[in-house]
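Containing mmCIF, C-alpha atoms and all ligand atoms: upload_38.cif.
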data_target
loop_
_atom_site.group_PDB
_atom_site.id
_atom_site.type_symbol
_atom_site.label_atom_id
_atom_site.label_comp_id
_atom_site.auth_asym_id
_atom_site.auth_seq_id
_atom_site.Cartn_x
_atom_site.Cartn_y
_atom_site.Cartn_z
ATOM 1 C CA MET D 1 -4.463 19.450 -25.213
ATOM 2 C CA VAL D 2 -3.523 15.808 -25.672
ATOM 3 C CA ILE D 3 -1.719 14.068 -22.827
ATOM 4 C CA LYS D 4 0.179 10.856 -23.573
ATOM 5 C CA ILE D 5 1.019 8.255 -20.928
ATOM 6 C CA PRO D 6 3.804 5.892 -22.059
ATOM 7 C CA LYS D 7 3.474 2.139 -21.536
ATOM 8 C CA ASP D 8 6.280 2.054 -18.979
ATOM 9 C CA ARG D 9 4.009 3.938 -16.545
ATOM 10 C CA PHE D 10 1.872 1.004 -15.477
ATOM 11 C CA THR D 11 0.438 -0.693 -12.407
ATOM 12 C CA TYR D 12 -0.868 -4.155 -11.450
ATOM 13 C CA LYS D 13 -3.382 -2.768 -8.960
ATOM 14 C CA PHE D 14 -6.113 -0.163 -8.678
ATOM 15 C CA SER D 15 -5.289 1.837 -5.564
ATOM 16 C CA LYS D 16 -5.133 5.429 -4.384
ATOM 17 C CA TYR D 17 -1.675 4.604 -3.030
ATOM 18 C CA VAL D 18 -0.237 4.179 -6.548
ATOM 19 C CA PRO D 19 1.302 7.559 -7.496
ATOM 20 C CA PRO D 20 -0.350 9.176 -10.540
ATOM 21 C CA ALA D 21 1.455 8.720 -13.858
ATOM 22 C CA ALA D 22 -0.176 11.884 -15.236
ATOM 23 C CA TYR D 23 -2.742 14.592 -14.484
ATOM 24 C CA ALA D 24 -5.653 15.766 -16.631
ATOM 25 C CA ARG D 25 -8.633 18.104 -16.452
ATOM 26 C CA PRO D 26 -12.207 17.385 -17.526
ATOM 27 C CA GLY D 27 -12.405 17.858 -21.296
ATOM 28 C CA ASP D 28 -8.821 16.693 -21.883
ATOM 29 C CA VAL D 29 -7.943 14.021 -24.406
ATOM 30 C CA VAL D 30 -5.518 11.403 -23.106
ATOM 31 C CA VAL D 31 -3.676 8.649 -24.954
ATOM 32 C CA PHE D 32 -2.789 5.546 -22.930
ATOM 33 C CA GLU D 33 -0.042 3.493 -24.552
ATOM 34 C CA VAL D 34 -0.396 -0.080 -23.227
ATOM 35 C CA MET D 35 1.535 -3.337 -23.093
ATOM 36 C CA ASP D 36 -0.108 -6.666 -23.849
ATOM 37 C CA ASN D 37 -1.762 -8.742 -21.108
ATOM 38 C CA LEU D 38 1.466 -10.509 -20.064
ATOM 39 C CA SER D 39 3.694 -7.419 -20.180
ATOM 40 C CA GLY D 40 5.451 -8.577 -23.365
ATOM 41 C CA GLN D 41 6.563 -11.956 -21.957
ATOM 42 C CA ILE D 42 5.201 -13.995 -24.900
ATOM 43 C CA ARG D 43 8.115 -13.726 -27.296
ATOM 44 C CA SER D 44 7.371 -16.802 -29.409
ATOM 45 C CA GLU D 45 5.058 -19.810 -29.694
ATOM 46 C CA GLU D 46 7.771 -21.784 -27.870
ATOM 47 C CA THR D 47 7.645 -19.634 -24.690
ATOM 48 C CA PRO D 48 7.292 -22.315 -21.974
ATOM 49 C CA LEU D 49 4.489 -22.029 -19.426
ATOM 50 C CA GLU D 50 6.967 -22.023 -16.542
ATOM 51 C CA ALA D 51 8.838 -19.057 -18.059
ATOM 52 C CA ILE D 52 5.743 -16.858 -17.691
ATOM 53 C CA ASP D 53 5.627 -14.781 -14.512
ATOM 54 C CA ILE D 54 1.900 -14.709 -13.768
ATOM 55 C CA GLY D 55 2.531 -11.803 -11.366
ATOM 56 C CA LYS D 56 3.091 -9.693 -14.482
ATOM 57 C CA ARG D 57 -0.467 -10.223 -15.702
ATOM 58 C CA ASN D 58 -2.828 -7.431 -16.717
ATOM 59 C CA PRO D 59 -0.534 -4.372 -16.656
ATOM 60 C CA CYS D 60 -2.629 -1.211 -16.760
ATOM 61 C CA THR D 61 -1.189 2.100 -17.898
ATOM 62 C CA GLY D 62 -1.731 4.909 -15.418
ATOM 63 C CA PRO D 63 -3.144 5.848 -13.075
ATOM 64 C CA LEU D 64 -4.368 9.163 -14.425
ATOM 65 C CA TYR D 65 -5.416 11.742 -11.854
ATOM 66 C CA VAL D 66 -8.449 13.695 -13.101
ATOM 67 C CA GLU D 67 -8.633 17.117 -11.451
ATOM 68 C CA GLY D 68 -11.903 17.803 -9.664
ATOM 69 C CA ALA D 69 -13.070 14.163 -9.505
ATOM 70 C CA GLU D 70 -14.026 13.179 -5.944
ATOM 71 C CA ALA D 71 -15.775 10.297 -4.195
ATOM 72 C CA GLY D 72 -19.474 10.313 -5.141
ATOM 73 C CA ASP D 73 -18.869 11.704 -8.645
ATOM 74 C CA THR D 74 -18.942 9.911 -11.997
ATOM 75 C CA LEU D 75 -15.970 9.715 -14.342
ATOM 76 C CA VAL D 76 -17.194 9.713 -17.947
ATOM 77 C CA VAL D 77 -14.746 8.156 -20.398
ATOM 78 C CA ASP D 78 -15.385 8.467 -24.131
ATOM 79 C CA ILE D 79 -13.316 5.951 -26.057
ATOM 80 C CA LEU D 80 -12.247 7.936 -29.124
ATOM 81 C CA ASP D 81 -9.960 5.307 -30.608
ATOM 82 C CA VAL D 82 -8.374 1.916 -29.914
ATOM 83 C CA LYS D 83 -5.271 1.152 -31.986
ATOM 84 C CA VAL D 84 -3.774 -2.328 -31.750
ATOM 85 C CA GLY D 85 -0.294 -3.632 -32.574
ATOM 86 C CA ASN D 86 0.286 -5.881 -35.584
ATOM 87 C CA ARG D 87 1.213 -8.982 -33.607
ATOM 88 C CA GLY D 88 -1.234 -10.782 -31.352
ATOM 89 C CA TRP D 89 -1.110 -13.947 -29.269
ATOM 90 C CA ILE D 90 -3.657 -16.455 -28.100
ATOM 91 C CA ARG D 91 -3.008 -19.178 -25.568
ATOM 92 C CA VAL D 92 -4.779 -22.082 -23.925
ATOM 93 C CA PHE D 93 -3.540 -24.038 -20.921
ATOM 94 C CA PRO D 94 -4.925 -26.715 -18.574
ATOM 95 C CA GLY D 95 -7.005 -25.185 -15.790
ATOM 96 C CA GLY D 96 -7.816 -22.064 -17.818
ATOM 97 C CA GLY D 97 -11.135 -21.065 -19.342
ATOM 98 C CA ALA D 98 -14.592 -22.633 -19.402
ATOM 99 C CA LEU D 99 -13.210 -26.185 -19.915
ATOM 100 C CA HIS D 100 -10.922 -25.962 -16.902
ATOM 101 C CA ASP D 101 -11.006 -29.725 -16.148
ATOM 102 C CA LYS D 102 -9.558 -30.781 -19.536
ATOM 103 C CA ASN D 103 -6.051 -32.149 -19.709
ATOM 104 C CA PHE D 104 -3.975 -31.084 -22.723
ATOM 105 C CA GLN D 105 -0.633 -29.583 -23.660
ATOM 106 C CA PRO D 106 -0.565 -25.792 -23.260
ATOM 107 C CA LYS D 107 -0.331 -23.953 -26.582
ATOM 108 C CA ILE D 108 0.536 -20.459 -27.718
ATOM 109 C CA LYS D 109 -0.343 -19.098 -31.140
ATOM 110 C CA ILE D 110 1.130 -15.913 -32.557
ATOM 111 C CA VAL D 111 -1.133 -14.264 -35.123
ATOM 112 C CA SER D 112 -0.738 -11.290 -37.430
ATOM 113 C CA VAL D 113 -3.115 -8.367 -36.943
ATOM 114 C CA GLU D 114 -2.876 -6.454 -40.205
ATOM 115 C CA GLY D 115 -5.108 -4.792 -42.756
ATOM 116 C CA GLY D 116 -8.090 -5.003 -40.417
ATOM 117 C CA TYR D 117 -7.859 -8.776 -39.982
ATOM 118 C CA VAL D 118 -6.466 -11.371 -37.620
ATOM 119 C CA THR D 119 -5.013 -14.254 -39.607
ATOM 120 C CA PHE D 120 -5.602 -17.588 -37.824
ATOM 121 C CA ASN D 121 -4.390 -20.412 -40.112
ATOM 122 C CA ASN D 122 -6.490 -19.841 -43.247
ATOM 123 C CA LEU D 123 -9.159 -17.800 -41.442
ATOM 124 C CA LYS D 124 -9.352 -14.034 -41.912
ATOM 125 C CA ILE D 125 -11.201 -12.670 -38.885
ATOM 126 C CA PRO D 126 -12.221 -8.970 -38.911
ATOM 127 C CA ILE D 127 -10.758 -7.089 -35.945
ATOM 128 C CA LYS D 128 -12.943 -5.247 -33.422
ATOM 129 C CA PRO D 129 -10.359 -3.661 -31.097
ATOM 130 C CA MET D 130 -11.514 -3.322 -27.485
ATOM 131 C CA VAL D 131 -10.297 -2.487 -23.997
ATOM 132 C CA GLY D 132 -10.395 -5.527 -21.662
ATOM 133 C CA THR D 133 -9.509 -3.713 -18.447
ATOM 134 C CA ILE D 134 -10.392 -0.148 -17.412
ATOM 135 C CA GLY D 135 -11.053 1.080 -13.911
ATOM 136 C CA VAL D 136 -10.542 3.500 -11.049
ATOM 137 C CA ALA D 137 -9.134 3.245 -7.535
ATOM 138 C CA PRO D 138 -11.413 1.876 -4.778
ATOM 139 C CA THR D 139 -12.157 3.802 -1.574
ATOM 140 C CA ASP D 140 -9.198 2.243 0.215
ATOM 141 C CA GLY D 141 -6.791 -0.668 -0.101
ATOM 142 C CA GLU D 142 -6.026 -2.162 -3.498
ATOM 143 C CA ILE D 143 -7.714 -4.316 -6.114
ATOM 144 C CA PRO D 144 -5.439 -6.396 -8.388
ATOM 145 C CA THR D 145 -5.980 -5.546 -12.070
ATOM 146 C CA PRO D 146 -7.178 -9.110 -13.008
ATOM 147 C CA LEU D 147 -10.331 -8.574 -10.899
ATOM 148 C CA CYS D 148 -13.485 -6.676 -11.818
ATOM 149 C CA GLY D 149 -16.166 -4.974 -9.725
ATOM 150 C CA PRO D 150 -17.959 -1.677 -9.171
ATOM 151 C CA HIS D 151 -14.633 0.089 -9.852
ATOM 152 C CA GLY D 152 -14.534 -1.452 -13.363
ATOM 153 C CA GLY D 153 -11.347 -3.474 -13.824
ATOM 154 C CA ASN D 154 -10.992 -6.664 -15.853
ATOM 155 C CA MET D 155 -14.500 -6.664 -17.361
ATOM 156 C CA ASP D 156 -13.553 -8.085 -20.785
ATOM 157 C CA LEU D 157 -16.479 -6.332 -22.394
ATOM 158 C CA LYS D 158 -16.429 -6.690 -26.157
ATOM 159 C CA ILE D 159 -18.572 -3.532 -26.492
ATOM 160 C CA LEU D 160 -15.841 -1.367 -24.930
ATOM 161 C CA ARG D 161 -14.459 -0.090 -28.224
ATOM 162 C CA LYS D 162 -14.140 3.078 -30.325
ATOM 163 C CA GLY D 163 -17.263 5.205 -30.018
ATOM 164 C CA THR D 164 -18.345 3.746 -26.674
ATOM 165 C CA ARG D 165 -18.811 5.769 -23.493
ATOM 166 C CA ILE D 166 -18.326 4.304 -20.014
ATOM 167 C CA TYR D 167 -19.492 5.846 -16.722
ATOM 168 C CA LEU D 168 -17.391 4.801 -13.719
ATOM 169 C CA PRO D 169 -18.193 5.613 -10.082
ATOM 170 C CA VAL D 170 -15.429 7.669 -8.426
ATOM 171 C CA PHE D 171 -14.233 6.454 -5.001
ATOM 172 C CA ALA D 172 -10.967 8.368 -4.496
ATOM 173 C CA ASP D 173 -9.664 11.867 -5.238
ATOM 174 C CA GLY D 174 -8.690 12.178 -8.907
ATOM 175 C CA ALA D 175 -10.526 8.909 -9.770
ATOM 176 C CA LEU D 176 -7.122 7.389 -10.740
ATOM 177 C CA LEU D 177 -8.020 5.852 -14.073
ATOM 178 C CA ALA D 178 -5.897 3.018 -15.490
ATOM 179 C CA MET D 179 -6.407 0.681 -18.447
ATOM 180 C CA GLY D 180 -4.868 -2.119 -20.497
ATOM 181 C CA ASP D 181 -5.574 -5.683 -21.682
ATOM 182 C CA LEU D 182 -6.383 -4.791 -25.292
ATOM 183 C CA HIS D 183 -7.972 -7.435 -27.517
ATOM 184 C CA ALA D 184 -7.939 -7.233 -31.326
ATOM 185 C CA VAL D 185 -11.194 -9.197 -31.234
ATOM 186 C CA GLN D 186 -13.153 -11.090 -28.538
ATOM 187 C CA SER D 187 -16.504 -12.862 -28.351
ATOM 188 C CA ASP D 188 -18.996 -12.690 -25.479
ATOM 189 C CA GLY D 189 -17.869 -15.306 -22.960
ATOM 190 C CA GLU D 190 -14.157 -15.299 -23.813
ATOM 191 C CA SER D 191 -14.479 -19.072 -23.325
ATOM 192 C CA GLY D 192 -10.892 -20.215 -23.924
ATOM 193 C CA ILE D 193 -9.499 -17.484 -21.580
ATOM 194 C CA THR D 194 -7.417 -15.454 -24.052
ATOM 195 C CA PRO D 195 -8.833 -13.879 -27.200
ATOM 196 C CA VAL D 196 -6.305 -12.029 -29.400
ATOM 197 C CA GLU D 197 -4.037 -10.269 -26.888
ATOM 198 C CA VAL D 198 -2.248 -7.218 -28.276
ATOM 199 C CA ASP D 199 -0.416 -4.085 -27.249
ATOM 200 C CA GLY D 200 -1.530 -0.723 -28.595
ATOM 201 C CA GLU D 201 -2.985 2.579 -27.508
ATOM 202 C CA VAL D 202 -6.312 3.968 -26.391
ATOM 203 C CA MET D 203 -7.414 7.576 -26.897
ATOM 204 C CA VAL D 204 -10.081 8.841 -24.514
ATOM 205 C CA ARG D 205 -11.808 12.083 -23.558
ATOM 206 C CA LEU D 206 -12.726 12.620 -19.917
ATOM 207 C CA GLU D 207 -15.571 14.396 -18.195
ATOM 208 C CA VAL D 208 -16.749 14.456 -14.588
ATOM 209 C CA ILE D 209 -20.368 14.474 -13.383
ATOM 210 C CA LYS D 210 -20.412 16.005 -9.907
ATOM 211 C CA GLY D 211 -22.378 14.638 -6.967
ATOM 212 C CA ARG D 212 -23.963 11.585 -8.620
ATOM 213 C CA SER D 213 -22.605 8.155 -9.471
ATOM 214 C CA PRO D 214 -23.740 4.742 -10.765
ATOM 215 C CA THR D 215 -23.825 1.650 -8.535
ATOM 216 C CA TYR D 216 -21.938 -0.320 -11.203
ATOM 217 C CA PRO D 217 -20.100 0.763 -14.363
ATOM 218 C CA ILE D 218 -22.486 1.771 -17.157
ATOM 219 C CA VAL D 219 -21.623 1.439 -20.834
ATOM 220 C CA GLU D 220 -23.450 3.617 -23.335
ATOM 221 C CA LEU D 221 -23.916 2.610 -26.968
ATOM 222 C CA GLU D 222 -26.028 4.422 -29.568
ATOM 223 C CA ASP D 223 -29.379 2.992 -28.428
ATOM 224 C CA THR D 224 -28.666 1.340 -25.088
ATOM 225 C CA TYR D 225 -27.188 1.539 -21.614
ATOM 226 C CA SER D 226 -25.617 -1.592 -20.114
ATOM 227 C CA ILE D 227 -25.173 -2.198 -16.383
ATOM 228 C CA ILE D 228 -21.967 -4.174 -15.783
ATOM 229 C CA THR D 229 -21.957 -6.591 -12.841
ATOM 230 C CA SER D 230 -19.826 -9.487 -11.638
ATOM 231 C CA GLY D 231 -19.876 -12.262 -9.047
ATOM 232 C CA THR D 232 -18.120 -15.406 -7.904
ATOM 233 C CA ASP D 233 -20.376 -17.241 -10.353
ATOM 234 C CA LEU D 234 -22.752 -16.214 -13.140
ATOM 235 C CA ASP D 235 -25.801 -16.581 -10.866
ATOM 236 C CA GLU D 236 -24.463 -13.944 -8.502
ATOM 237 C CA ALA D 237 -23.534 -11.613 -11.384
ATOM 238 C CA VAL D 238 -27.015 -12.065 -12.904
ATOM 239 C CA TYR D 239 -28.733 -11.404 -9.554
ATOM 240 C CA ARG D 240 -26.915 -8.089 -9.195
ATOM 241 C CA ALA D 241 -27.662 -7.087 -12.804
ATOM 242 C CA VAL D 242 -31.375 -7.828 -12.485
ATOM 243 C CA GLU D 243 -31.666 -6.228 -9.036
ATOM 244 C CA GLU D 244 -30.058 -3.016 -10.319
ATOM 245 C CA SER D 245 -32.135 -3.057 -13.537
ATOM 246 C CA VAL D 246 -35.373 -3.326 -11.532
ATOM 247 C CA LYS D 247 -34.261 -0.424 -9.340
ATOM 248 C CA VAL D 248 -33.500 1.661 -12.442
ATOM 249 C CA LEU D 249 -36.842 0.786 -14.093
ATOM 250 C CA MET D 250 -38.739 1.723 -10.907
ATOM 251 C CA LYS D 251 -37.082 5.136 -11.009
ATOM 252 C CA ALA D 252 -37.303 5.674 -14.786
ATOM 253 C CA LEU D 253 -40.962 4.659 -15.068
ATOM 254 C CA ASN D 254 -42.016 5.821 -11.592
ATOM 255 C CA THR D 255 -43.514 2.445 -10.839
ATOM 256 C CA THR D 256 -43.618 -0.296 -8.192
ATOM 257 C CA PHE D 257 -41.182 -3.148 -7.598
ATOM 258 C CA GLN D 258 -43.765 -5.633 -8.892
ATOM 259 C CA GLU D 259 -44.298 -3.821 -12.198
ATOM 260 C CA ALA D 260 -40.596 -3.153 -12.702
ATOM 261 C CA TYR D 261 -39.908 -6.849 -12.001
ATOM 262 C CA MET D 262 -42.534 -7.784 -14.623
ATOM 263 C CA LEU D 263 -40.845 -5.462 -17.098
ATOM 264 C CA SER D 264 -37.443 -7.032 -16.398
ATOM 265 C CA SER D 265 -38.664 -10.082 -18.352
ATOM 266 C CA ILE D 266 -39.620 -7.850 -21.266
ATOM 267 C CA LEU D 267 -37.153 -4.964 -21.437
ATOM 268 C CA VAL D 268 -33.889 -6.169 -19.860
ATOM 269 C CA GLU D 269 -31.490 -8.028 -22.164
ATOM 270 C CA LEU D 270 -29.010 -10.066 -20.149
ATOM 271 C CA ARG D 271 -25.733 -10.836 -21.902
ATOM 272 C CA ILE D 272 -22.571 -12.631 -20.848
ATOM 273 C CA ASN D 273 -19.329 -10.637 -20.800
ATOM 274 C CA GLN D 274 -16.917 -13.364 -19.741
ATOM 275 C CA VAL D 275 -17.034 -16.708 -17.920
ATOM 276 C CA VAL D 276 -13.287 -17.223 -17.408
ATOM 277 C CA ASN D 277 -11.981 -14.717 -14.871
ATOM 278 C CA LYS D 278 -11.987 -15.213 -11.111
ATOM 279 C CA LEU D 279 -15.157 -13.100 -11.018
ATOM 280 C CA LYS D 280 -17.621 -13.805 -13.841
ATOM 281 C CA GLY D 281 -19.282 -10.893 -15.613
ATOM 282 C CA VAL D 282 -22.597 -10.089 -17.232
ATOM 283 C CA ARG D 283 -24.354 -6.987 -18.496
ATOM 284 C CA ALA D 284 -27.993 -5.944 -18.402
ATOM 285 C CA GLU D 285 -28.858 -3.936 -21.484
ATOM 286 C CA LEU D 286 -31.663 -1.362 -21.333
ATOM 287 C CA SER D 287 -33.052 0.569 -24.291
ATOM 288 C CA LYS D 288 -32.825 4.366 -24.282
ATOM 289 C CA ASN D 289 -36.527 4.293 -25.150
ATOM 290 C CA TYR D 290 -37.208 3.527 -21.477
ATOM 291 C CA VAL D 291 -34.307 4.848 -19.389
ATOM 292 C CA SER D 292 -32.029 7.886 -19.429
ATOM 293 C CA ILE D 293 -28.641 8.354 -17.815
ATOM 294 C CA LYS D 294 -30.151 10.278 -14.888
ATOM 295 C CA ASP D 295 -32.065 7.118 -13.927
ATOM 296 C CA LEU D 296 -28.760 5.211 -13.746
ATOM 297 C CA LEU D 297 -26.986 7.686 -11.447
ATOM 298 C CA SER D 298 -27.934 8.365 -7.863
HETATM 299 CA CA CA T 1 -8.998 -9.693 -19.445
HETATM 300 CA CA CA T 2 -6.925 -10.370 -22.053
#
Would you encode the structure as structure tokens?
Amino acid sequence: MVIKIPKDRFTYKFSKYVPPAAYARPGDVVVFEVMDNLSGQIRSEETPLEAIDIGKRNPCTGPLYVEGAEAGDTLVVDILDVKVGNRGWIRVFPGGGALHDKNFQPKIKIVSVEGGYVTFNNLKIPIKPMVGTIGVAPTDGEIPTPLCGPHGGNMDLKILRKGTRIYLPVFADGALLAMGDLHAVQSDGESGITPVEVDGEVMVRLEVIKGRSPTYPIVELEDTYSIITSGTDLDEAVYRAVEESVKVLMKALNTTFQEAYMLSSILVELRINQVVNKLKGVRAELSKNYVSIKDLLS
């Protein structure tokens, strides 16, 4: 059966204290209808900066309680489809993004997202719809939706699109999955801080792996697994990604730290997710020729 969660059932934090918006069982298909990243506050290109309530940033639809998911398990989310609205917005403002020391007038651009393209002036840019924020509740307390971490969250991963599978560690009963922050298209880095922000809906199928979980979220593509890490700067995010990759290679290849560390220079592809959020994010990509999912769960 297909469960639909409307966009007015949303939260600004990942927490087990947020009441579930819906319940599902493993195997169910669920559609999350989501607002854009500023909860619909960008009405025109003239929307002044001071009219934007930054507290209404990163609304995530949910949370969804998944029956049978408990701490120590893995929630497996197959992204079956990502549909985006036909109107997107992009904005830049002083203090935001990789060039945060530059002084300039803030600017908003409204773009059409139609026929498979974003129209930016005379550029036709093919869309690649993706989910910027997806995560589960932590063990206790709350994590604001603009942050990322082992629970997932605001990872801004351009590979999180239709056909992708993500494995999230479960920390609380029901996992409490929530998502939002759709982008019609985004590059690795997300340098200017907003790509093409859109509303839309995400269709997923859920499964639960009992008794094992990853240290960090894992994204599966056709030929690869990616370990998703973050840190207060890129160095810290990279350290965690390499440390976890070496651990996984030791297990997968039944080898020593020294040999796995050697192989990290040969087999681990480090890529930037985003450099603009409070916590910066990278991914370590490993070929399925060398590792399997059991090596990534413990
Ligand atoms: Ca984001
Ligand atoms: Ca965004």
Neighbours of D:Val198 within 9 Å (all atoms listed in the file; same-chain residues fewer than 2 positions away dropped), as a PDB file with C-alpha atoms, keeping the file's coordinate frame?
ATOM      1  CA  VAL D  34      -0.396  -0.080 -23.227  1.00  0.00           C
ATOM      2  CA  MET D  35       1.535  -3.337 -23.093  1.00  0.00           C
ATOM      3  CA  ASP D  36      -0.108  -6.666 -23.849  1.00  0.00           C
ATOM      4  CA  ASN D  37      -1.762  -8.742 -21.108  1.00  0.00           C
ATOM      5  CA  VAL D  84      -3.774  -2.328 -31.750  1.00  0.00           C
ATOM      6  CA  GLY D  85      -0.294  -3.632 -32.574  1.00  0.00           C
ATOM      7  CA  ASN D  86       0.286  -5.881 -35.584  1.00  0.00           C
ATOM      8  CA  ARG D  87       1.213  -8.982 -33.607  1.00  0.00           C
ATOM      9  CA  GLY D  88      -1.234 -10.782 -31.352  1.00  0.00           C
ATOM     10  CA  TRP D  89      -1.110 -13.947 -29.269  1.00  0.00           C
ATOM     11  CA  VAL D 113      -3.115  -8.367 -36.943  1.00  0.00           C
ATOM     12  CA  ASP D 181      -5.574  -5.683 -21.682  1.00  0.00           C
ATOM     13  CA  LEU D 182      -6.383  -4.791 -25.292  1.00  0.00           C
ATOM     14  CA  HIS D 183      -7.972  -7.435 -27.517  1.00  0.00           C
ATOM     15  CA  ALA D 184      -7.939  -7.233 -31.326  1.00  0.00           C
ATOM     16  CA  VAL D 196      -6.305 -12.029 -29.400  1.00  0.00           C
ATOM     17  CA  GLY D 200      -1.530  -0.723 -28.595  1.00  0.00           C
TER      18      GLY D 200
END
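Near ligand CA 1 (chain T), at a distance of at most 8 Å and with only C-alpha atoms and all ligand atoms counted, sit the residues D:Asn37, D:Asn58, D:Gly132, D:Thr133, D:Pro146, D:Asn154, D:Met155, D:Asp156, D:Asp181, D:Thr194, D:Asn277.
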**Q.** Picked residues, the PyMOL selection byres (((chain D and resi 257) around 12) and not hetatm), expected as a list in words
**A.** Val242, Glu243, Glu244, Ser245, Val246, Lys247, Val248, Leu249, Met250, Lys251, Leu253, Asn254, Thr255, Thr256, Gln258, Glu259, Ala260, Tyr261, Met262, Leu263 and Ser264 of chain D
Rows by chain and residue number, stretch 118-200 of chain D within 10 Å of stretch 92-110 of chain D, shortest pair, all atoms listed in the file, as a Markdown table:
| residue | atom | partner | partner_atom | distance |
| --- | --- | --- | --- | --- |
| D:Thr119 | CA | D:Ile110 | CA | 9.5 |
| D:Phe120 | CA | D:Lys109 | CA | 8.6 |
| D:Asn121 | CA | D:Lys109 | CA | 9.9 |
| D:Gly189 | CA | D:Ala98 | CA | 8.8 |
| D:Glu190 | CA | D:Gly97 | CA | 7.9 |
| D:Ser191 | CA | D:Ala98 | CA | 5.3 |
| D:Gly192 | CA | D:Gly97 | CA | 4.7 |
| D:Ile193 | CA | D:Gly97 | CA | 4.5 |
| D:Thr194 | CA | D:Val92 | CA | 7.1 |
| D:Pro195 | CA | D:Val92 | CA | 9.7 |
| D:Val196 | CA | D:Ile110 | CA | 9.0 |
| D:Glu197 | CA | D:Ile110 | CA | 9.5 |
Q: Just give me the gap between atom CA of D:Lys210 and atom CA of D:Phe32 in Å, one decimal is fine.
A: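 Result for atom CA of D:Lys210 versus atom CA of D:Phe32: 24.3 Å, one decimal.
You will find atom CA of D:Ser298 at 23.4 Å from atom CA of D:Phe14.
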Q: Go through D:Val185, D:Met179, D:Val208, D:Ala172 one by one, measure the shortest atom-to-atom distance of each to D:Tyr117 using only C-alpha atoms, and give the residue with the smallest value.
A: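 Closest candidate: D:Val185.
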**Q.** Exercise: residues within 7 Å of coordinate (0.7, 5.5, -23.1), counting only C-alpha atoms, as a count of residues only
**A.** 10
Q. Out of D:Leu297, D:Ala237, D:Leu206, D:Ile42, which residue has the shortest atom-to-atom distance to D:Cys148 when counting all atoms listed in the file?
A. D:Ala237
Q. So, counting all atoms listed in the file, which residue among D:Pro59, D:Gly141, D:Pro20, D:Gly149 is closest to ligand CA 2 (chain T)?
A.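 For ligand CA 2 (chain T), the nearest of the given residues is D:Pro59.
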Q: Kindly indicate which residue among D:Leu123, D:Ile79, D:Val18, D:Val131 lies nearest to D:Asp199, using all atoms listed in the file for the distances.
A: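 Using all atoms listed in the file, the shortest distance to D:Asp199 belongs to D:Val131.
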Q | Selection near D:Met203, 6 Å with only C-alpha atoms, sequence-local residues under 3 positions removed, as a ChimeraX atom specification | A | /D:30-31,80-81
Save out the residues we just selected, C-alpha atoms, as a compact mmCIF listing (two decimals), keeping the file's coordinate frame.
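Wrote it out as selection.txt, contents follow:
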# COMPACT_ATOMS: atom_id res chain seq x y z
CA VAL D 30 -5.52 11.40 -23.11
CA VAL D 31 -3.68 8.65 -24.95
CA LEU D 80 -12.25 7.94 -29.12
CA ASP D 81 -9.96 5.31 -30.61
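Here atom CA of D:Arg9 and atom CA of D:Ser39 stand 11.9 Å from one another.
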**Q.** Result set, the PyMOL selection byres (((chain D and resi 165) around 8) and not hetatm) on current file, as a PyMOL selection string
**A.** chain D and resi 76-79+160+163-164+166-167+219-221
Residue selection dump (C-alpha atoms) as an mmCIF file, in the coordinates of the input:
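And here is the file that came out, again31.cif:
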data_model
loop_
_atom_site.group_PDB
_atom_site.id
_atom_site.type_symbol
_atom_site.label_atom_id
_atom_site.label_comp_id
_atom_site.auth_asym_id
_atom_site.auth_seq_id
_atom_site.Cartn_x
_atom_site.Cartn_y
_atom_site.Cartn_z
ATOM 1 C CA VAL D 76 -17.194 9.713 -17.947
ATOM 2 C CA VAL D 77 -14.746 8.156 -20.398
ATOM 3 C CA ASP D 78 -15.385 8.467 -24.131
ATOM 4 C CA ILE D 79 -13.316 5.951 -26.057
ATOM 5 C CA LEU D 160 -15.841 -1.367 -24.930
ATOM 6 C CA GLY D 163 -17.263 5.205 -30.018
ATOM 7 C CA THR D 164 -18.345 3.746 -26.674
ATOM 8 C CA ILE D 166 -18.326 4.304 -20.014
ATOM 9 C CA TYR D 167 -19.492 5.846 -16.722
ATOM 10 C CA VAL D 219 -21.623 1.439 -20.834
ATOM 11 C CA GLU D 220 -23.450 3.617 -23.335
ATOM 12 C CA LEU D 221 -23.916 2.610 -26.968
#
